[in-house]
Amino acid sequence: MKKIGFIGTGNFAKQHAEVLIELGAKIVACYGSNAGKTAAFSRDFQCKIFNEPFQLISPDVIDALYIVVPPFAHDGSIELKAIEKKIPFLCEKPVGLDVSVCNQISKKIDQNSLITSSGYLLRYEPLFVKIKEIINRNKISTIRICSYSYMPEVHWWRKEKLSGGMMVESGSHYIDLLRYLFGEINLVASMTSNGLSRNTISDCDIYDSMEAILKFQSGSIASIGVTHLLNKIHARNDELQIYGQDFALKIDLYKLRYKNEATVLYKEPNNCDWNSISNHTSKKELLTRQSTNFINAIQKNNQSFIKSTYPDAVKSLTVALAMNQSAEWSQFTTI
């Protein structure tokens with residue numbers, strides 16, 4: 001499996017392509033809506049530019065497809081064409097904004113037994129594999145996870161119809177991590193605060209912050225919070241806290257994800273040597289594992305190499321969109 005096509009030619013597509021080149025793959029085709037970025041991508045990776053995306057989605061052109069486009073660009077047509085042509089694809093998150101369309105795509109993927117992957121990188125972090133083992137031998141009651149950050153400097157991010165809001169666009173990384181560690185979520189309730197960014201940032205209509213409560217099928221509960229009100233001078237706060245009977249675990253997710261460090265506070269009755277399991281990796285290493293597993297899955301026709309398939313990513317999207325809906329309905333008890 002050597003010939004890769006890209007739909008989307010921005011910065012993150014470039015990161016994927018650099019990893020693929022190191023793995024021995026060849027980027028042969030690309031399509032992007034931004035002419036300047038697409039020309040640069042074509043020049044950097046010596047691949048042919050196609051004038052419309054369906055032209056490159058052909059087994060005569062590519063062996064696999066990377067779909068790296070913003071949330072609003074996922075109308076389902078690219079994914080459905082890839083399924084029709086039986087071309088395996090990796091789709092960056094969030095995989096869409098219309099869950100009914102995404103469910104339709106998931107159904108067709110299952111019907112065609114097509115190999116797919118999604119962009120949820122944290123599942124490839126070995127630290128979380130070990131944490132999952134620890135969680136499985138303890139009784140967990142409640143979890144807290146947050147992502148307090150600043151607004152990215154891209155125009156579509158600040159429009160809810162284009163990005164879905166922070167919980168859908170970036171917070172879904174942590175929704176997916178919660179699902180990976182603790183199982184499926186069957187209840188959500190959320191609230192937002194509004195007005196600060198809308199009054200200070202041009203053409204902005206997304207909420208300032210969201211806080212949500214979740215319940216897992218296991219019976220455990222969790223809370224998740226996001227905000228984009230910090231600026232680049234402020235320290236980000238990304239943290240995971242897990243509590244149970246005689247059990248506590250705290251992880252600095254910001255240092256883990258962005259500084260390649262693991263700061264962990266850990267306690268359980270049968271304590272273990274934490275240093276032996278804190279083997280965290282860089283973002284590039286995670287991208288390498290993700291693409292390596294994707295390629296192996298295609299070559300061996302074995303979906304089990306993939307930690308987050310497209311249909312699985314749709315489940316994380318469904319939770320995030322349910323939070324948006326809950327906040328819009330505002331069905332809470334007034335005191």
# chains A, B, ... in the order shown; residues from 1 in each chain; ligands from 1
>>> residues_around(residues="Thr292 (chain A)", least_positions_apart="4", cutoff="10 Å", atoms="only C-alpha atoms", output="JSON, numbers by chain")
{"A": [19, 20, 23, 286, 287, 288, 296, 297, 305, 306]}
>>> write_last_selection(atoms="N, CA and C atoms", output="short mmCIF file (atom, residue, chain, number, x, y, z; two decimals), in the first residue's frame")
data_model
loop_
_atom_site.label_atom_id
_atom_site.label_comp_id
_atom_site.auth_asym_id
_atom_site.auth_seq_id
_atom_site.Cartn_x
_atom_site.Cartn_y
_atom_site.Cartn_z
N VAL A 19 4.71 12.24 8.03
CA VAL A 19 4.81 10.93 8.69
C VAL A 19 4.73 9.81 7.66
N LEU A 20 3.80 9.92 6.73
CA LEU A 20 3.63 8.87 5.72
C LEU A 20 4.87 8.71 4.86
N LEU A 23 7.32 6.70 6.57
CA LEU A 23 6.92 5.30 6.62
C LEU A 23 7.08 4.60 5.27
N LEU A 286 2.68 9.76 17.99
CA LEU A 286 1.29 9.30 17.97
C LEU A 286 0.76 9.24 16.54
N LEU A 287 1.07 10.27 15.75
CA LEU A 287 0.67 10.26 14.34
C LEU A 287 1.31 9.09 13.60
N THR A 288 2.54 8.79 13.95
CA THR A 288 3.23 7.66 13.31
C THR A 288 2.55 6.35 13.67
N ASN A 296 -1.10 -1.04 8.28
CA ASN A 296 -1.11 -2.46 8.61
C ASN A 296 -2.50 -3.07 8.48
N ALA A 297 -3.50 -2.31 8.91
CA ALA A 297 -4.88 -2.80 8.82
C ALA A 297 -5.29 -3.04 7.37
N PHE A 305 -6.37 -3.50 14.02
CA PHE A 305 -5.22 -2.62 14.22
C PHE A 305 -5.66 -1.20 14.57
N ILE A 306 -6.86 -0.83 14.18
CA ILE A 306 -7.35 0.55 14.34
C ILE A 306 -7.97 0.73 15.72
#
>>> residues_around(residues="Ala222 (chain A)", least_positions_apart="2", cutoff="12 Å", atoms="only C-alpha atoms", output="ChimeraX atom specification")
/A:140-146,174-175,178-179,181-190,211-220,224-225,240-244
>>> atom_distance(atom1="CA of Glu153 (chain A)", atom2="CA of Ser170 (chain A)")
13.8 Å
>>> closest_residue(among="A:Leu122, A:Ile4, A:Ala29, A:Met191", to="Leu256 (chain A)", atoms="only C-alpha atoms")
A:Leu122
>>> closest_residue(among="A:Lys307, A:Gly96, A:Glu79, A:Cys204", to="Phe294 (chain A)", atoms="only C-alpha atoms")
A:Lys307
>>> closest_residue(among="A:Ile105, A:Val129, A:Leu253, A:Leu56", to="Asp75 (chain A)", atoms="only C-alpha atoms")
A:Ile105
>>> select_by_dssp(residues="region 55-207 of chain A", states="strand (DSSP E or B)", output="JSON, numbers by chain")
{"A": [64, 65, 66, 67, 89, 90, 91, 116, 117, 118, 140, 141, 142, 143, 144, 145, 146, 147, 148, 150, 185, 186, 187, 188, 189, 190, 191, 192, 193]}
>>> atom_distance(atom1="CA of Ser149 (chain A)", atom2="CA of Thr38 (chain A)")
29.1 Å
>>> residues_around(residues="Tyr150 (chain A)", least_positions_apart="3", cutoff="7 Å", atoms="only C-alpha atoms", output="count of residues only")
5
>>> closest_residue(among="A:Ile115, A:Ile335, A:Val61, A:Ile221", to="Pro88 (chain A)", atoms="only C-alpha atoms")
A:Ile115
>>> closest_atom_pairs(of="region 117-207 of chain A", to="region 311-318 of chain A", cutoff="8 Å", atoms="only C-alpha atoms", output="CSV")
residue,atom,partner,partner_atom,distance
A:Ser118,CA,A:Ala313,CA,6.4
A:Tyr120,CA,A:Ala313,CA,7.7
A:Val168,CA,A:Leu317,CA,6.8
A:Ser172,CA,A:Ser316,CA,6.5
A:Ile175,CA,A:Ser316,CA,6.2
A:Asp176,CA,A:Ser316,CA,5.4
A:Arg179,CA,A:Ser316,CA,7.6
>>> atom_distance(atom1="CA of Arg236 (chain A)", atom2="CA of Ser147 (chain A)")
7.7 Å
>>> closest_residue(among="A:Val28, A:Leu114, A:Leu321, A:Val154", to="Asp44 (chain A)", atoms="only C-alpha atoms")
A:Val28
>>> residues_around(residues="Ser117 (chain A)", least_positions_apart="6", cutoff="7 Å", atoms="only C-alpha atoms", output="count of residues only")
8
>>> select_by_dssp(residues="region 85-325 of chain A", states="alpha helix (DSSP H)", output="number ranges by chain")
A: 99-112, 126-136, 160-163, 166-169, 172-182, 196-200, 253-258, 283-299, 310-325
>>> write_last_selection(atoms="C-alpha atoms", output="PDB file, in the first residue's frame")
ATOM      1  CA  VAL A  99     -24.927  12.877  12.907  1.00  0.00           C
ATOM      2  CA  SER A 100     -27.612  11.438  10.606  1.00  0.00           C
ATOM      3  CA  VAL A 101     -25.245  11.730   7.625  1.00  0.00           C
ATOM      4  CA  CYS A 102     -22.387  10.238   9.653  1.00  0.00           C
ATOM      5  CA  ASN A 103     -24.565   7.317  10.754  1.00  0.00           C
ATOM      6  CA  GLN A 104     -25.470   6.678   7.117  1.00  0.00           C
ATOM      7  CA  ILE A 105     -21.759   6.575   6.262  1.00  0.00           C
ATOM      8  CA  SER A 106     -21.064   4.242   9.202  1.00  0.00           C
ATOM      9  CA  LYS A 107     -23.754   1.851   8.027  1.00  0.00           C
ATOM     10  CA  LYS A 108     -22.281   1.696   4.520  1.00  0.00           C
ATOM     11  CA  ILE A 109     -18.791   1.175   5.935  1.00  0.00           C
ATOM     12  CA  ASP A 110     -20.040  -1.828   7.904  1.00  0.00           C
ATOM     13  CA  GLN A 111     -21.943  -3.199   4.910  1.00  0.00           C
ATOM     14  CA  ASN A 112     -18.786  -3.021   2.772  1.00  0.00           C
ATOM     15  CA  PRO A 126       0.632   3.981  25.749  1.00  0.00           C
ATOM     16  CA  LEU A 127       0.114   5.788  29.054  1.00  0.00           C
ATOM     17  CA  PHE A 128      -3.645   5.489  28.601  1.00  0.00           C
ATOM     18  CA  VAL A 129      -3.377   1.763  27.891  1.00  0.00           C
ATOM     19  CA  LYS A 130      -1.789   1.371  31.340  1.00  0.00           C
ATOM     20  CA  ILE A 131      -4.300   3.717  32.960  1.00  0.00           C
ATOM     21  CA  LYS A 132      -7.113   1.666  31.474  1.00  0.00           C
ATOM     22  CA  GLU A 133      -5.640  -1.437  33.139  1.00  0.00           C
ATOM     23  CA  ILE A 134      -5.524   0.405  36.485  1.00  0.00           C
ATOM     24  CA  ILE A 135      -9.107   1.616  36.083  1.00  0.00           C
ATOM     25  CA  ASN A 136     -10.307  -1.911  35.341  1.00  0.00           C
ATOM     26  CA  GLU A 160     -20.958  27.406  15.379  1.00  0.00           C
ATOM     27  CA  LYS A 161     -22.397  26.298  12.009  1.00  0.00           C
ATOM     28  CA  LEU A 162     -18.862  25.809  10.719  1.00  0.00           C
ATOM     29  CA  SER A 163     -17.050  24.316  13.730  1.00  0.00           C
ATOM     30  CA  MET A 166     -15.356  24.048  21.067  1.00  0.00           C
ATOM     31  CA  MET A 167     -16.768  20.826  22.544  1.00  0.00           C
ATOM     32  CA  VAL A 168     -17.367  19.373  19.082  1.00  0.00           C
ATOM     33  CA  GLU A 169     -14.199  20.664  17.391  1.00  0.00           C
ATOM     34  CA  SER A 172     -14.297  15.780  21.438  1.00  0.00           C
ATOM     35  CA  HIS A 173     -10.701  14.545  21.881  1.00  0.00           C
ATOM     36  CA  TYR A 174     -11.483  14.268  25.580  1.00  0.00           C
ATOM     37  CA  ILE A 175     -14.968  12.875  25.033  1.00  0.00           C
ATOM     38  CA  ASP A 176     -13.342  10.146  22.975  1.00  0.00           C
ATOM     39  CA  LEU A 177     -10.719   9.562  25.675  1.00  0.00           C
ATOM     40  CA  LEU A 178     -13.468   9.186  28.290  1.00  0.00           C
ATOM     41  CA  ARG A 179     -15.234   6.624  26.090  1.00  0.00           C
ATOM     42  CA  TYR A 180     -11.980   4.761  25.523  1.00  0.00           C
ATOM     43  CA  LEU A 181     -11.192   4.594  29.260  1.00  0.00           C
ATOM     44  CA  PHE A 182     -14.631   4.176  30.824  1.00  0.00           C
ATOM     45  CA  LEU A 196     -17.758  37.693  26.229  1.00  0.00           C
ATOM     46  CA  SER A 197     -16.174  36.495  23.002  1.00  0.00           C
ATOM     47  CA  ARG A 198     -19.157  37.607  20.916  1.00  0.00           C
ATOM     48  CA  ASN A 199     -18.631  41.167  22.159  1.00  0.00           C
ATOM     49  CA  THR A 200     -14.875  41.250  21.603  1.00  0.00           C
ATOM     50  CA  LEU A 253      -2.951  16.418  29.980  1.00  0.00           C
ATOM     51  CA  TYR A 254      -1.453  19.691  28.800  1.00  0.00           C
ATOM     52  CA  LYS A 255       2.083  18.594  29.648  1.00  0.00           C
ATOM     53  CA  LEU A 256       1.381  15.144  28.267  1.00  0.00           C
ATOM     54  CA  ARG A 257       0.028  16.374  24.922  1.00  0.00           C
ATOM     55  CA  TYR A 258       2.038  19.516  24.289  1.00  0.00           C
ATOM     56  CA  LYS A 283       2.445  14.079  18.902  1.00  0.00           C
ATOM     57  CA  LYS A 284       4.546  13.029  15.926  1.00  0.00           C
ATOM     58  CA  GLU A 285       5.031   9.588  17.452  1.00  0.00           C
ATOM     59  CA  LEU A 286       1.287   9.297  17.972  1.00  0.00           C
ATOM     60  CA  LEU A 287       0.670  10.264  14.341  1.00  0.00           C
ATOM     61  CA  THR A 288       3.234   7.660  13.313  1.00  0.00           C
ATOM     62  CA  ARG A 289       1.500   4.952  15.341  1.00  0.00           C
ATOM     63  CA  GLN A 290      -1.861   5.972  13.933  1.00  0.00           C
ATOM     64  CA  SER A 291      -0.720   5.794  10.300  1.00  0.00           C
ATOM     65  CA  THR A 292       1.339   2.643  10.881  1.00  0.00           C
ATOM     66  CA  ASN A 293      -1.728   0.895  12.282  1.00  0.00           C
ATOM     67  CA  PHE A 294      -3.882   2.194   9.437  1.00  0.00           C
ATOM     68  CA  ILE A 295      -1.456   0.879   6.817  1.00  0.00           C
ATOM     69  CA  ASN A 296      -1.109  -2.464   8.609  1.00  0.00           C
ATOM     70  CA  ALA A 297      -4.879  -2.800   8.823  1.00  0.00           C
ATOM     71  CA  ILE A 298      -5.197  -2.268   5.065  1.00  0.00           C
ATOM     72  CA  GLN A 299      -2.338  -4.578   4.132  1.00  0.00           C
ATOM     73  CA  TYR A 310     -14.889   6.075  11.556  1.00  0.00           C
ATOM     74  CA  PRO A 311     -18.037   4.457  13.065  1.00  0.00           C
ATOM     75  CA  ASP A 312     -16.503   4.653  16.529  1.00  0.00           C
ATOM     76  CA  ALA A 313     -15.623   8.321  16.023  1.00  0.00           C
ATOM     77  CA  VAL A 314     -19.282   8.959  15.164  1.00  0.00           C
ATOM     78  CA  LYS A 315     -20.174   7.833  18.697  1.00  0.00           C
ATOM     79  CA  SER A 316     -17.909  10.548  20.151  1.00  0.00           C
ATOM     80  CA  LEU A 317     -19.468  13.089  17.791  1.00  0.00           C
ATOM     81  CA  THR A 318     -22.936  11.998  18.897  1.00  0.00           C
ATOM     82  CA  VAL A 319     -22.061  12.734  22.540  1.00  0.00           C
ATOM     83  CA  ALA A 320     -20.635  16.170  21.684  1.00  0.00           C
ATOM     84  CA  LEU A 321     -23.672  17.154  19.601  1.00  0.00           C
ATOM     85  CA  ALA A 322     -25.965  15.938  22.390  1.00  0.00           C
ATOM     86  CA  MET A 323     -24.203  18.386  24.707  1.00  0.00           C
ATOM     87  CA  ASN A 324     -24.915  21.214  22.253  1.00  0.00           C
ATOM     88  CA  GLN A 325     -28.551  20.170  22.138  1.00  0.00           C
TER      89      GLN A 325
END
>>> closest_residue(among="A:Ser113, A:Ser42, A:Gln303, A:Asn138", to="Gly8 (chain A)", atoms="only C-alpha atoms")
A:Ser42
